[in-house]
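Notes follow the structure.
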Amino acid sequence: MSYDFSYRFGYYDKICTTVQMAACPLLGEGDIGLEPTCYARNIEVGNSLIFQAASLIIDIVALFMTVIMIFHVRSKYTAVGRKEMVMFFYLYFVMIILDFLTISGIIPISSVVYPYFVAAYLGATSAMCWCLMLNGFIGYQWTEDGTALTLWTFRLSSLLIFGLMFFISIATFKEVGSFSRSHPIGLFIMYFIFNPFCLLVYVVLQIILVVNTLDEYWPLGNISFALVFFVIGQVIQIFLSDKICDAIKHYVDGVFFGNICTLLSVMMIYKYWDSITKEDLEFSVGGKGNVWEVKELLNEDDEFAPYAGQAANTIGHAGVSFANTNSQYGGQGYPLQQQHYPQQQQQQQQHYQQQAYPPY
């Protein structure tokens, strides 16, 4: 079979000869599909061949890290967009599992269910990008986060994008109607145009949000690193995978480095979200407020000085405690300053008491 070794819009020929992708065996002219010129070595486990062993290790690490990120996002009970952001990580978790099953050969390419798992993987990828883009609008308060309207908008629209990508994939693999395996333009547009567009919209929205609303620009570093890691991963996979594979003698290829960069990009997105969301400790579970203590004595010339002792040992609603002062009403705090000016102090106190408590 001859391949067209040039990048063309709407064609997977050059891409699939450069890097091993789950959809490549289902595309192209013929029953074999498109194959890469160089791919990572296989290992034999229990009379079965496992492809991309190094990449599978990265997938396992990514699953572990995603669980940690989901736990931390869910634990920020009062953070803005918590429930919406955790949907993105759930979709990323599902995408990793499907990638693990399709790229490794656990589900053989010859299996009748393989096209459906690949379609589900592609659908989860597009739904994840769409969900992340919607998260970019949360900071603009287009609707209140955490409400049923917002959550179901995320769920139904993400499900719609998943279904659309799933249908396009299956129709392309089975060549339904005008869909063609040799010219999968619909699949190409969704995967290489729509997905990056959603990610780009999210990045632009966050840059505008940080510049216009936040007092510090440190979160821009996190979102910039996320963008850089994603771009590097895609460049390595699409343009440099075969060269890396030949240079390292088939031990790893671009899929390995692409998975690492994708994981780092997702981790930087989490770091960015964590840096721009602050939890309200007053309403958080197990949160303890700071306790402040007023240690300055009231001025004797203040007309409210006789009542200073009444504030002793009182704790306000916000957890503010006031130091006790020793007044004529039985305080136990600081010693009276009338030891230095006894006569003047007593005269002033009597004068104020007469004004505060007139005789009946």
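By convention in this document, the chains of the structure tokens carry letters A, B, ... by their order, each chain's residues are numbered from 1, and ligands are numbered from 1 in the order they are shown.
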Cut-off 12 Å: closest segment 36-73 of chain A/segment 266-276 of chain A atom pairs per residue, using only C-alpha atoms, as a Markdown table:
```
| residue | atom | partner | partner_atom | distance |
| --- | --- | --- | --- | --- |
| A:Ala62 | CA | A:Met267 | CA | 9.5 |
| A:Leu63 | CA | A:Val266 | CA | 11.7 |
| A:Phe64 | CA | A:Met267 | CA | 11.9 |
| A:Met65 | CA | A:Met267 | CA | 8.3 |
| A:Thr66 | CA | A:Met267 | CA | 8.4 |
| A:Val67 | CA | A:Met267 | CA | 11.6 |
| A:Ile68 | CA | A:Met267 | CA | 10.4 |
| A:Met69 | CA | A:Tyr270 | CA | 7.1 |
| A:Ile70 | CA | A:Tyr270 | CA | 9.3 |
| A:Phe71 | CA | A:Tyr270 | CA | 11.6 |
| A:His72 | CA | A:Asp274 | CA | 9.0 |
| A:Val73 | CA | A:Asp274 | CA | 7.9 |
```
Since we have the selection now, will you write its residues out, keeping C-alpha atoms, as a PDB file, in the first residue's frame?
```pdb
ATOM      1  CA  ALA A  62      -2.185   9.866  35.026  1.00  0.00           C
ATOM      2  CA  LEU A  63      -5.064   7.893  36.555  1.00  0.00           C
ATOM      3  CA  PHE A  64      -3.475   8.165  39.994  1.00  0.00           C
ATOM      4  CA  MET A  65      -2.830  11.900  39.627  1.00  0.00           C
ATOM      5  CA  THR A  66      -6.361  12.502  38.325  1.00  0.00           C
ATOM      6  CA  VAL A  67      -7.847  10.842  41.408  1.00  0.00           C
ATOM      7  CA  ILE A  68      -5.754  13.165  43.595  1.00  0.00           C
ATOM      8  CA  MET A  69      -6.854  16.244  41.647  1.00  0.00           C
ATOM      9  CA  ILE A  70     -10.509  15.201  41.816  1.00  0.00           C
ATOM     10  CA  PHE A  71     -10.214  14.739  45.579  1.00  0.00           C
ATOM     11  CA  HIS A  72      -8.704  18.192  46.063  1.00  0.00           C
ATOM     12  CA  VAL A  73     -11.256  19.881  43.801  1.00  0.00           C
TER      13      VAL A  73
END
```
Quiz item: Tyr116 of chain A: which residues within 9 Å, counting only C-alpha atoms, same-chain residues fewer than 6 positions away excluded, as a PyMOL selection string?
Solution: chain A and resi 166+169-170
Self-check item: Residue nearest Glu84 of chain A among A:Val204, A:Leu199, A:Leu151, A:Ile232 (counting only C-alpha atoms)
Solution: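 Selected residue with least distance to Glu84 of chain A: A:Leu151.
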Quiz prompt | alpha helix (DSSP H) per DSSP on the backbone: members of segment 42-278 of chain A, as an MDAnalysis selection string | solution = chainID A and resid 53:75 82:103 114:135 148:174 185:189 195:213 218:235 241:247 254:276
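Counting only C-alpha atoms and comparing A:Leu205, A:Ile189, A:Met133, A:Cys24, the residue that lies closest to Phe173 of chain A is A:Cys24.
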Practice problem: Go through A:Thr262, A:Ser104, A:Ser6, A:Ser126 and flag the residue nearest Arg41 of chain A, using only C-alpha atoms for the distances. | Solution: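 Counting only C-alpha atoms, the residue closest to Arg41 of chain A is A:Ser104.
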Practice problem: Tell me, as a VMD selection string, which residues lie within 12 Å of Lys174 of chain A, counting only C-alpha atoms; anything in the same chain fewer than 3 positions away does not count. | Solution: chain A and resid 26 to 28 31 112 115 to 116 119 167 to 171 177 to 182 184
Exercise. Would you mind telling me which residue in A:Cys129, A:Ile207, A:Ile58, A:Leu134 lies nearest to Ile97 of chain A when using only C-alpha atoms?
Key: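 Among A:Cys129, A:Ile207, A:Ile58, A:Leu134, it is A:Ile58 that comes nearest to Ile97 of chain A.
Going from atom CA of Ser241 of chain A to atom CA of Gln20 of chain A covers 8.6 Å.
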Quiz prompt | DSSP strand (DSSP E) residues within segment 25-87 of chain A, listed as JSON, numbers by chain | solution = {"A": [43, 44, 45, 48, 49, 50]}
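Between atom CA of Phe137 of chain A and atom CA of Phe162 of chain A lies a distance of 20.1 Å.
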Self-check item: Given only C-alpha atoms as the counted atoms, nearest of A:Tyr191, A:Phe257, A:Phe89, A:Phe100 to Leu164 of chain A
Solution: A:Tyr191
Quiz item: Hey, what's within 9 Å of Gly163 of chain A if we count only C-alpha atoms and toss same-chain stuff fewer than 6 positions away? As a VMD selection string, please?
Solution: chain A and resid 120 123 127
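Nearest to Ile193 of chain A of all the residues A:Gly46, A:Gly10, A:Gly221, A:Gly136 is A:Gly10, counting only C-alpha atoms.
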